[in-house]
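Data block for target-v4.cif (mmCIF, C-alpha atoms):
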```
data_my_file
loop_
_atom_site.label_atom_id
_atom_site.label_comp_id
_atom_site.auth_asym_id
_atom_site.auth_seq_id
_atom_site.Cartn_x
_atom_site.Cartn_y
_atom_site.Cartn_z
CA MET A 1 -17.58 15.53 -38.86
CA ARG A 2 -15.42 12.60 -39.87
CA THR A 3 -11.83 12.95 -41.11
CA VAL A 4 -10.78 10.46 -43.78
CA LEU A 5 -7.17 9.84 -44.75
CA GLU A 6 -7.18 8.20 -48.17
CA ASN A 7 -4.54 7.07 -50.64
CA ALA A 8 -2.15 6.20 -47.79
CA VAL A 9 0.40 3.44 -47.33
CA ILE A 10 -0.68 2.18 -43.94
CA VAL A 11 2.06 0.96 -41.60
CA ALA A 12 0.63 -2.07 -39.81
CA PRO A 13 2.68 -3.97 -37.21
CA ALA A 14 3.71 -6.67 -39.70
CA ARG A 15 3.12 -5.22 -43.18
CA LEU A 16 2.44 -2.23 -45.41
CA PHE A 17 -0.73 -1.85 -47.47
CA ARG A 18 -2.52 0.80 -49.51
CA GLY A 19 -5.67 1.86 -47.78
CA THR A 20 -7.90 4.36 -46.06
CA ALA A 21 -8.45 5.26 -42.41
CA ALA A 22 -11.21 7.35 -40.89
CA VAL A 23 -11.24 9.26 -37.62
CA GLU A 24 -14.28 10.34 -35.63
CA ASP A 25 -14.63 11.70 -32.09
CA GLY A 26 -10.93 11.29 -31.42
CA LYS A 27 -10.93 7.59 -32.29
CA ILE A 28 -10.11 5.55 -35.38
CA ALA A 29 -13.48 4.73 -36.93
CA PHE A 30 -12.28 2.23 -39.51
CA VAL A 31 -9.27 1.07 -41.51
CA THR A 32 -9.82 -0.50 -44.90
CA GLU A 33 -7.52 -1.89 -47.56
CA GLY A 34 -7.90 -0.24 -50.94
CA PRO A 35 -9.59 3.01 -52.00
CA ASP A 36 -13.24 2.08 -51.47
CA TYR A 37 -15.24 3.12 -48.40
CA ASP A 38 -18.71 4.47 -47.59
CA ARG A 39 -18.31 8.17 -48.24
CA ARG A 40 -20.31 10.83 -46.45
CA PRO A 41 -21.07 14.26 -47.94
CA ASP A 42 -19.48 16.05 -44.98
CA ASP A 43 -16.30 13.94 -44.77
CA GLN A 44 -13.16 16.01 -44.36
CA VAL A 45 -10.80 14.22 -46.74
CA ILE A 46 -7.02 14.32 -46.49
CA ASN A 47 -5.21 12.90 -49.52
CA ALA A 48 -2.08 11.18 -48.21
CA LYS A 49 -0.65 11.08 -51.75
CA GLY A 50 1.00 7.74 -51.17
CA ARG A 51 2.79 8.76 -47.98
CA TYR A 52 3.04 6.45 -44.99
CA LEU A 53 0.27 6.56 -42.39
CA SER A 54 1.73 5.43 -39.08
CA PRO A 55 0.69 5.24 -35.45
CA GLY A 56 2.09 8.09 -33.36
CA PHE A 57 5.48 7.46 -31.79
CA ILE A 58 5.76 6.62 -28.07
CA ASP A 59 8.97 7.61 -26.24
CA LEU A 60 9.50 5.88 -22.88
CA HIS A 61 12.71 7.72 -22.00
CA THR A 62 13.31 11.42 -22.65
CA HIS A 63 14.78 14.16 -20.47
CA GLY A 64 13.77 17.12 -22.60
CA ALA A 65 14.00 18.96 -25.93
CA GLY A 66 13.76 22.40 -27.48
CA GLY A 67 16.09 23.98 -24.93
CA HIS A 68 14.06 22.69 -21.98
CA ASP A 69 14.52 19.85 -19.50
CA PHE A 70 11.90 18.02 -17.47
CA MET A 71 13.98 18.92 -14.39
CA ASP A 72 13.79 22.68 -15.02
CA GLY A 73 11.20 23.21 -12.33
CA SER A 74 8.33 24.62 -14.38
CA VAL A 75 5.24 23.34 -16.14
CA ASP A 76 5.95 25.67 -19.07
CA ALA A 77 9.36 24.07 -19.63
CA ILE A 78 7.84 20.58 -19.60
CA ALA A 79 5.13 21.61 -22.07
CA ALA A 80 7.66 23.27 -24.39
CA ALA A 81 9.88 20.15 -24.41
CA CYS A 82 6.85 17.97 -25.14
CA ARG A 83 5.77 20.18 -28.04
CA THR A 84 9.22 19.97 -29.59
CA HIS A 85 9.00 16.18 -29.49
CA MET A 86 5.50 16.33 -30.95
CA ARG A 87 6.78 18.13 -34.05
CA HIS A 88 9.00 15.09 -34.67
CA GLY A 89 6.17 12.56 -34.41
CA THR A 90 5.97 11.77 -30.69
CA THR A 91 2.33 11.62 -29.62
CA ALA A 92 2.87 10.05 -26.17
CA LEU A 93 5.83 9.97 -23.81
CA LEU A 94 7.22 9.48 -20.32
CA PRO A 95 9.11 12.56 -19.07
CA THR A 96 12.24 11.21 -17.40
CA THR A 97 14.06 12.54 -14.34
CA LEU A 98 17.71 12.32 -13.33
CA SER A 99 19.28 11.54 -9.95
CA SER A 100 18.82 14.66 -7.83
CA GLN A 101 18.01 16.03 -4.42
CA ASP A 102 14.65 14.81 -3.11
CA GLU A 103 13.18 18.32 -2.99
CA GLU A 104 14.07 18.92 -6.64
CA LEU A 105 12.69 15.51 -7.64
CA PHE A 106 9.39 16.12 -5.82
CA GLU A 107 8.97 19.52 -7.43
CA ASN A 108 9.53 18.20 -10.91
CA LEU A 109 7.32 15.12 -10.47
CA SER A 110 4.51 17.46 -9.38
CA ASN A 111 5.13 19.62 -12.46
CA ILE A 112 4.99 16.56 -14.72
CA ASP A 113 1.57 15.71 -13.28
CA ARG A 114 0.40 19.30 -13.86
CA ALA A 115 1.69 19.30 -17.42
CA ALA A 116 -0.13 16.02 -18.09
CA ALA A 117 -3.40 17.84 -17.48
CA LEU A 118 -2.73 20.44 -20.21
CA ARG A 119 -3.25 18.02 -23.13
CA GLU A 120 -4.00 20.66 -25.78
CA GLY A 121 -1.35 20.89 -28.48
CA MET A 122 1.08 18.44 -26.94
CA PRO A 123 1.75 14.70 -26.67
CA GLU A 124 -0.03 12.66 -24.06
CA ILE A 125 2.04 12.31 -20.89
CA LEU A 126 1.61 8.69 -19.84
CA GLY A 127 3.33 9.08 -16.47
CA ALA A 128 6.93 9.51 -15.34
CA HIS A 129 10.13 7.53 -15.76
CA LEU A 130 12.54 7.85 -12.83
CA GLU A 131 16.16 7.30 -13.80
CA GLY A 132 17.93 6.90 -10.48
CA PRO A 133 19.13 7.61 -7.87
CA TYR A 134 19.70 3.90 -7.10
CA PHE A 135 22.65 3.18 -9.40
CA SER A 136 26.07 1.56 -9.36
CA PRO A 137 28.85 4.08 -8.66
CA GLU A 138 30.93 2.26 -11.29
CA GLN A 139 28.27 2.83 -13.95
CA ASN A 140 26.91 6.27 -13.12
CA ALA A 141 28.07 7.74 -16.51
CA ALA A 142 26.26 11.10 -16.89
CA GLN A 143 24.34 10.67 -13.65
CA ASP A 144 25.56 13.07 -10.93
CA LYS A 145 27.51 10.89 -8.46
CA ARG A 146 26.58 13.23 -5.59
CA PHE A 147 23.09 11.74 -5.56
CA ILE A 148 23.84 8.03 -6.21
CA LYS A 149 22.79 5.74 -3.33
CA ASN A 150 21.24 2.40 -2.34
CA PRO A 151 17.45 1.95 -2.24
CA LEU A 152 15.70 2.21 1.11
CA PRO A 153 12.00 1.24 1.39
CA GLU A 154 11.00 4.30 3.39
CA GLU A 155 12.58 6.53 0.75
CA TYR A 156 11.24 5.03 -2.51
CA GLN A 157 7.82 4.51 -0.93
CA ARG A 158 7.77 8.20 0.02
CA ILE A 159 8.67 9.15 -3.56
CA PHE A 160 5.86 6.99 -4.95
CA ALA A 161 3.38 8.43 -2.45
CA HIS A 162 4.29 11.86 -3.77
CA CYS A 163 3.90 10.81 -7.42
CA PRO A 164 1.81 7.66 -8.00
CA SER A 165 2.02 8.23 -11.78
CA ILE A 166 5.52 6.68 -11.92
CA ARG A 167 5.44 4.03 -14.68
CA ILE A 168 9.11 3.02 -15.06
CA TRP A 169 11.93 3.20 -12.50
CA SER A 170 15.52 2.53 -13.57
CA VAL A 171 17.54 0.83 -10.83
CA ALA A 172 20.79 -1.17 -10.54
CA PRO A 173 19.44 -4.53 -9.28
CA GLU A 174 22.69 -5.71 -7.67
CA LEU A 175 22.48 -3.02 -4.97
CA PRO A 176 21.46 -4.07 -1.44
CA GLY A 177 17.66 -3.95 -1.23
CA ALA A 178 17.13 -3.65 -5.00
CA LEU A 179 15.38 -7.03 -5.43
CA GLN A 180 13.03 -6.16 -2.58
CA MET A 181 12.34 -2.89 -4.39
CA GLY A 182 11.72 -4.80 -7.63
CA ASN A 183 8.97 -6.86 -6.05
CA TRP A 184 7.52 -3.76 -4.44
CA MET A 185 7.48 -1.98 -7.83
CA ARG A 186 5.73 -4.92 -9.48
CA ALA A 187 3.07 -4.88 -6.75
CA HIS A 188 2.50 -1.15 -7.38
CA GLY A 189 2.29 -1.28 -11.18
CA ILE A 190 5.77 0.13 -11.83
CA ILE A 191 8.08 -1.46 -14.38
CA GLY A 192 11.53 -2.04 -12.94
CA SER A 193 14.23 -1.33 -15.51
CA ILE A 194 17.85 -2.41 -15.09
CA GLY A 195 19.97 0.69 -15.54
CA HIS A 196 23.44 2.03 -14.76
CA SER A 197 24.23 -1.40 -13.39
CA ASN A 198 27.43 -3.37 -12.80
CA ALA A 199 25.56 -6.67 -12.34
CA VAL A 200 26.66 -10.08 -13.63
CA TYR A 201 24.38 -12.66 -15.25
CA GLU A 202 23.18 -14.30 -12.03
CA GLU A 203 22.14 -10.90 -10.64
CA VAL A 204 20.38 -9.93 -13.87
CA LEU A 205 18.52 -13.24 -13.92
CA ALA A 206 17.42 -12.71 -10.31
CA ALA A 207 16.25 -9.22 -11.23
CA SER A 208 14.16 -10.59 -14.11
CA GLU A 209 12.47 -12.89 -11.60
CA ASN A 210 11.86 -10.09 -9.08
CA GLY A 211 10.03 -7.28 -10.83
CA TYR A 212 12.50 -6.06 -13.46
CA GLY A 213 11.15 -6.34 -17.00
CA MET A 214 13.27 -3.86 -18.97
CA ILE A 215 16.84 -2.68 -19.50
CA THR A 216 17.53 1.05 -19.64
CA HIS A 217 19.38 2.36 -22.74
CA PHE A 218 20.68 -1.08 -23.62
CA TRP A 219 24.46 -1.44 -23.91
CA ASN A 220 25.04 2.06 -22.49
CA GLY A 221 25.86 2.53 -18.80
CA MET A 222 26.11 -1.17 -17.95
CA SER A 223 28.59 -3.98 -17.32
CA ARG A 224 29.87 -6.23 -20.08
CA LEU A 225 31.78 -9.51 -20.27
CA THR A 226 34.52 -9.46 -17.64
CA ARG A 227 37.07 -11.74 -16.04
CA LYS A 228 37.38 -12.17 -12.27
CA GLU A 229 40.06 -14.48 -10.87
CA ALA A 230 40.36 -16.31 -14.20
CA LYS A 231 36.61 -16.87 -14.53
CA MET A 232 34.46 -15.17 -17.18
CA TYR A 233 31.19 -13.46 -16.21
CA LEU A 234 28.47 -12.08 -18.45
CA GLY A 235 27.61 -8.46 -17.79
CA VAL A 236 24.21 -6.79 -18.09
CA ALA A 237 24.72 -6.32 -21.85
CA GLU A 238 25.24 -10.00 -22.69
CA SER A 239 22.63 -11.06 -20.13
CA GLY A 240 20.07 -8.84 -21.85
CA LEU A 241 20.64 -10.69 -25.10
CA LEU A 242 20.33 -14.05 -23.37
CA ILE A 243 17.23 -13.44 -21.21
CA ASP A 244 14.25 -13.30 -23.57
CA ASP A 245 11.82 -11.80 -21.06
CA LEU A 246 13.75 -8.52 -20.76
CA THR A 247 12.66 -5.72 -23.09
CA ALA A 248 15.50 -3.43 -24.14
CA GLU A 249 15.44 0.34 -24.53
CA VAL A 250 17.67 1.22 -27.49
CA ILE A 251 18.99 4.69 -28.36
CA ALA A 252 19.11 4.28 -32.14
CA ASP A 253 20.58 7.69 -32.90
CA GLY A 254 23.50 6.15 -34.80
CA CYS A 255 25.93 7.54 -32.21
CA HIS A 256 25.33 5.79 -28.89
CA LEU A 257 25.64 2.39 -30.55
CA PRO A 258 27.39 1.52 -33.83
CA LEU A 259 25.22 0.24 -36.64
CA SER A 260 26.74 -3.24 -36.31
CA LEU A 261 25.64 -3.43 -32.68
CA LEU A 262 22.15 -2.19 -33.56
CA LYS A 263 21.99 -5.05 -36.09
CA LEU A 264 23.07 -7.55 -33.43
CA ILE A 265 20.52 -6.32 -30.89
CA TYR A 266 17.75 -6.36 -33.50
CA LYS A 267 18.70 -9.86 -34.68
CA THR A 268 18.85 -11.20 -31.12
CA LYS A 269 15.98 -9.43 -29.35
CA GLY A 270 13.60 -8.80 -32.25
CA PRO A 271 11.12 -5.93 -32.67
CA ASP A 272 8.78 -7.19 -29.95
CA ARG A 273 11.49 -6.82 -27.28
CA ILE A 274 13.01 -3.50 -28.37
CA CYS A 275 11.65 -0.06 -27.48
CA LEU A 276 13.39 2.74 -29.34
CA VAL A 277 13.98 5.67 -26.98
CA THR A 278 15.53 9.09 -27.52
CA ASP A 279 17.06 9.51 -24.03
CA SER A 280 17.13 13.10 -25.28
CA MET A 281 18.32 16.05 -23.25
CA ARG A 282 17.37 19.69 -23.68
CA ALA A 283 19.43 20.19 -26.86
CA ALA A 284 17.21 17.85 -28.90
CA GLY A 285 15.49 19.77 -31.65
CA THR A 286 17.95 22.68 -31.38
CA ASP A 287 21.24 23.72 -32.99
CA VAL A 288 23.61 24.54 -30.12
CA ALA A 289 27.26 23.71 -29.37
CA GLU A 290 26.93 23.47 -25.58
CA SER A 291 24.07 22.69 -23.23
CA THR A 292 23.16 21.56 -19.73
CA LEU A 293 22.21 18.01 -18.77
CA GLY A 294 19.58 18.05 -16.04
CA SER A 295 18.18 21.12 -14.35
CA LEU A 296 19.55 24.60 -14.96
CA LYS A 297 20.19 24.84 -11.22
CA ASN A 298 22.03 21.55 -10.58
CA GLY A 299 22.73 20.22 -14.07
CA GLN A 300 26.03 19.35 -15.73
CA ARG A 301 27.65 20.99 -18.75
CA VAL A 302 27.71 18.94 -21.96
CA ILE A 303 29.24 19.48 -25.39
CA ILE A 304 27.19 18.92 -28.57
CA GLU A 305 29.18 17.50 -31.47
CA GLY A 306 28.47 15.12 -34.33
CA GLY A 307 24.80 14.70 -33.47
CA VAL A 308 25.25 13.66 -29.83
CA ALA A 309 25.95 15.17 -26.38
CA TYR A 310 29.24 14.41 -24.57
CA MET A 311 30.37 14.99 -21.04
CA PRO A 312 33.38 17.37 -20.97
CA GLY A 313 36.47 15.46 -22.02
CA LYS A 314 34.32 13.07 -24.08
CA ALA A 315 34.85 10.19 -21.65
CA SER A 316 31.14 9.35 -21.89
CA PHE A 317 27.96 10.44 -23.61
CA GLY A 318 25.81 13.02 -21.89
CA GLY A 319 22.49 11.99 -23.38
CA SER A 320 21.27 12.14 -26.94
CA ILE A 321 19.91 15.03 -28.97
CA ALA A 322 17.74 12.67 -31.02
CA THR A 323 14.05 12.90 -31.74
CA ALA A 324 11.83 9.90 -32.44
CA ASP A 325 11.81 10.33 -36.22
CA ARG A 326 15.61 10.05 -36.24
CA LEU A 327 15.45 6.72 -34.39
CA VAL A 328 13.04 5.19 -36.89
CA ARG A 329 15.04 6.63 -39.78
CA THR A 330 18.27 5.09 -38.43
CA MET A 331 16.77 1.63 -38.00
CA TYR A 332 15.00 1.71 -41.37
CA ARG A 333 17.43 3.52 -43.64
CA ARG A 334 20.81 2.69 -42.07
CA VAL A 335 20.35 -0.61 -40.23
CA GLY A 336 18.04 -2.07 -42.87
CA VAL A 337 15.13 -3.04 -40.63
CA PRO A 338 11.80 -3.37 -42.53
CA LEU A 339 9.74 -0.21 -42.01
CA PRO A 340 6.82 -1.96 -40.20
CA GLU A 341 9.27 -3.35 -37.64
CA ALA A 342 11.18 -0.09 -37.25
CA VAL A 343 7.88 1.67 -36.58
CA ARG A 344 6.68 -1.12 -34.28
CA MET A 345 9.68 -0.57 -31.98
CA MET A 346 8.58 3.08 -31.62
CA THR A 347 4.84 2.39 -31.29
CA LEU A 348 3.28 -0.97 -30.45
CA THR A 349 6.19 -2.44 -28.47
CA PRO A 350 6.39 0.51 -26.03
CA ALA A 351 2.60 0.56 -25.83
CA LYS A 352 2.64 -3.10 -24.79
CA ALA A 353 5.44 -2.46 -22.31
CA LEU A 354 3.22 0.10 -20.58
CA GLY A 355 0.03 -1.94 -20.96
CA VAL A 356 -1.75 0.68 -23.10
CA GLU A 357 -1.83 -1.30 -26.37
CA ARG A 358 -5.65 -1.46 -26.29
CA ARG A 359 -5.79 2.21 -27.26
CA LEU A 360 -2.31 3.13 -28.55
CA GLY A 361 0.45 1.73 -30.73
CA SER A 362 -1.28 0.59 -33.92
CA ILE A 363 -3.90 1.69 -36.43
CA ALA A 364 -7.10 -0.18 -35.64
CA ALA A 365 -10.76 0.68 -35.20
CA GLY A 366 -11.55 1.91 -31.69
CA LYS A 367 -8.03 3.03 -30.84
CA ASP A 368 -7.06 6.63 -30.14
CA ALA A 369 -6.50 8.59 -33.34
CA ASP A 370 -2.80 9.31 -32.75
CA LEU A 371 -1.48 9.23 -36.31
CA LEU A 372 1.38 10.48 -38.49
CA LEU A 373 1.98 11.00 -42.18
CA PHE A 374 5.61 10.84 -43.30
CA ASP A 375 7.69 10.19 -46.41
CA ASP A 376 10.30 7.52 -47.10
CA ASP A 377 12.94 9.52 -45.22
CA ILE A 378 10.65 9.68 -42.15
CA HIS A 379 10.11 13.42 -42.49
CA ILE A 380 6.93 14.11 -40.51
CA GLU A 381 4.35 15.97 -42.59
CA LEU A 382 1.18 15.59 -40.51
CA ILE A 383 0.56 14.91 -36.83
CA MET A 384 -2.79 13.92 -35.39
CA ILE A 385 -3.38 13.54 -31.64
CA LYS A 386 -6.76 12.28 -30.47
CA GLY A 387 -8.18 13.17 -33.87
CA LYS A 388 -6.90 16.75 -34.01
CA VAL A 389 -4.40 17.69 -36.70
CA TRP A 390 -1.29 19.66 -35.78
CA ALA A 391 1.33 21.05 -38.15
CA ALA A 392 4.72 19.36 -38.08
CA SER A 393 6.67 22.62 -38.55
#
```

Would it be possible to restate this file's structure as structure tokens?
Amino acid sequence: MRTVLENAVIVAPARLFRGTAAVEDGKIAFVTEGPDYDRRPDDQVINAKGRYLSPGFIDLHTHGAGGHDFMDGSVDAIAAACRTHMRHGTTALLPTTLSSQDEELFENLSNIDRAAALREGMPEILGAHLEGPYFSPEQNAAQDKRFIKNPLPEEYQRIFAHCPSIRIWSVAPELPGALQMGNWMRAHGIIGSIGHSNAVYEEVLAASENGYGMITHFWNGMSRLTRKEAKMYLGVAESGLLIDDLTAEVIADGCHLPLSLLKLIYKTKGPDRICLVTDSMRAAGTDVAESTLGSLKNGQRVIIEGGVAYMPGKASFGGSIATADRLVRTMYRRVGVPLPEAVRMMTLTPAKALGVERRLGSIAAGKDADLLLFDDDIHIELIMIKGKVWAAS
């Protein structure tokens, strides 16, 4: 049986148009502009009633949701966090770890692989994103400083051997051995991402030439313009604007970055070099006043206030409580980005970053039928993953 979504406003990468899309055997069978198509007697028709039909959202950086963290040490916790994100439009994601003890990291990477095999009723797990432990002590922010260290080949190679599904690894490239690690990551299909870094421009440029293609939660947890012995040096933030080849993760929750800075990043980098990410912790999709960042065993207490998580004392953020729909809504409704571009930063751009754009990230014949219906306020009303419809509530 074929499912047909008609009377939809289809969100293409560069435009909106009224049209119809059909899904068969988990794939998009066709997309056509206008109401006319070759109808079949057994078509299952869904009337979109003028709502937006979008590709499913892809989140490259999330630590959890729904009261669960990807470091909690169980497959059930990972699946529950994924399903919370799914209800907000995420159809594919990279569960993200925090700096931790090796034994805890290995356990949770194994659980992520096990959860990826579940598939039914949850987003597709595209691999893992490792955030740490190779970070600058000056920029550790919410990362537990007990576990921060320099990269050693025997160590990161052992981690990869344990979990070859690592897709992104956030590292401070100015650390001793970090450029060597960048080239090693590139050779093994891992995207190096500059994160929690105190680097200056020359070090960022060297990183971009040695395996680092992204910047983790751009403008958060990184150096900025500074003066040393009367000379001015660009930090990671300014360098990211200057170096075109670097793709920036952006937490567009309206809290981590002011709207004016979101406008600047969008104007400078453009939608093809921005991946919207939640960087969400376990409180995403819940209504709590306090929570734990990281695992229940070794995590850190955070305070939830004003739509964001803070470390105690509010000296720094402790991760976001955003879901993907909120990111798109912020960029579209508050920053003023055209809807196709706001959606592109949550769909096609991350798909291209991971090299999966042949099957994910846009609505085109032959691609996986990961689709959403939502209204003008980006309230998700229908979720489809691999052709199967799931309720948003």

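Considering the residues A:His379, A:Arg146, A:Lys386, A:Lys367 and counting all atoms listed in the file, Arg51 in chain A has its shortest atom-to-atom contact with A:His379.
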
For Lys352 in chain A, please output as a list in words all residues within 10 Å (counting all atoms listed in the file; exclusion window: fewer than 4 positions along the same chain).
Asp272, Arg273, Cys275, Thr347, Leu348, Val356, Glu357, Arg358, Leu360 and Gly361 of chain A

For Asp287 in chain A, which residue among A:Ala207, A:Ala309, A:Ile383, A:Ala237 is the nearest when counting all atoms listed in the file?
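Checking each candidate against Asp287 in chain A, we get A:Ala309 as the closest.
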
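Between Lys49 in chain A and the candidates A:Met181, A:Val9, A:Ala172, A:Met311, the tightest atom-to-atom separation, counting only C-alpha atoms, involves A:Val9.
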
So how many Å separate CA of Ala80 in chain A and CA of Asp113 in chain A, to one decimal?
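So the two atoms, CA of Ala80 in chain A and CA of Asp113 in chain A, lie 14.8 Å apart.
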
For a test of reading the model, state the distance in Å between CA of Thr247 in chain A and CA of Asn198 in chain A, rounded to one decimal.
18.2 Å

Please enumerate the residues selected by the PyMOL selection byres ((chain A and resi 260-265) around 10) when evaluated against the supplied file, formatted as an MDAnalysis selection string.
chainID A and resid 218:219 237 240:241 248 250:252 254 256:259 266:271 273:274 330:331 334:337

Target residues per the PyMOL selection byres ((chain A and resi 319) around 9), formatted as a PyMOL selection string
chain A and resi 63+142+256+278-281+293+302+308-311+317-318+320-321

Taking the file as shown, what set of residues would the PyMOL selection byres ((chain A and resi 390) around 12) give back, as a PyMOL selection string?
chain A and resi 83+86-91+120-123+370-373+380-389+391-393

CA of Gly355 in chain A and CA of Asp72 in chain A, how far apart in Å?
28.8 Å

Which residues are near Glu124 in chain A? Cut-off 8 Å, all atoms listed in the file, ignore same chain within fewer than 4 positions. Put them as a VMD selection string.
chain A and resid 91 to 93 116 119

Which of these residues is nearest to Gly313 in chain A, using all atoms listed in the file: A:Arg39, A:Arg301, A:His188, A:Lys228?
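With all atoms listed in the file as the atom set, the closest residue is A:Arg301.
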
Could you pull the residues within 10 Å of Pro137 in chain A, counting only C-alpha atoms, minus those fewer than 4 positions along the same chain, as a ChimeraX atom specification?
/A:141,143-146,148-149,172,196-198

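Counting all atoms listed in the file, the residue from A:Ile28, A:Leu179, A:Leu354, A:Val23 that sits nearest to His129 in chain A is A:Leu354.
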
My list of candidates is A:Ser239, A:Thr3, A:Ser54, A:Ser193. Which is closest to Val343 in chain A when distances are computed with all atoms listed in the file?
A:Ser54

Write out as a compact mmCIF listing (two decimals) with C-alpha atoms, keeping the file's coordinate frame the residues lying within 7 Å of Ala283 in chain A, counting all atoms listed in the file and excluding same-chain residues fewer than 2 positions away.
```
# COMPACT_ATOMS: atom_id res chain seq x y z
CA ALA A 65 14.00 18.96 -25.93
CA GLY A 66 13.76 22.40 -27.48
CA GLY A 67 16.09 23.98 -24.93
CA MET A 281 18.32 16.05 -23.25
CA GLY A 285 15.49 19.77 -31.65
CA THR A 286 17.95 22.68 -31.38
CA VAL A 288 23.61 24.54 -30.12
CA SER A 291 24.07 22.69 -23.23
CA ILE A 321 19.91 15.03 -28.97
```

Near Gly189 in chain A, within 12 Å and counting all atoms listed in the file, which residues show up once chain neighbours fewer than 4 positions away are dropped, as a PyMOL selection string?
chain A and resi 127+160+164-169+182-185+211-213+353-355
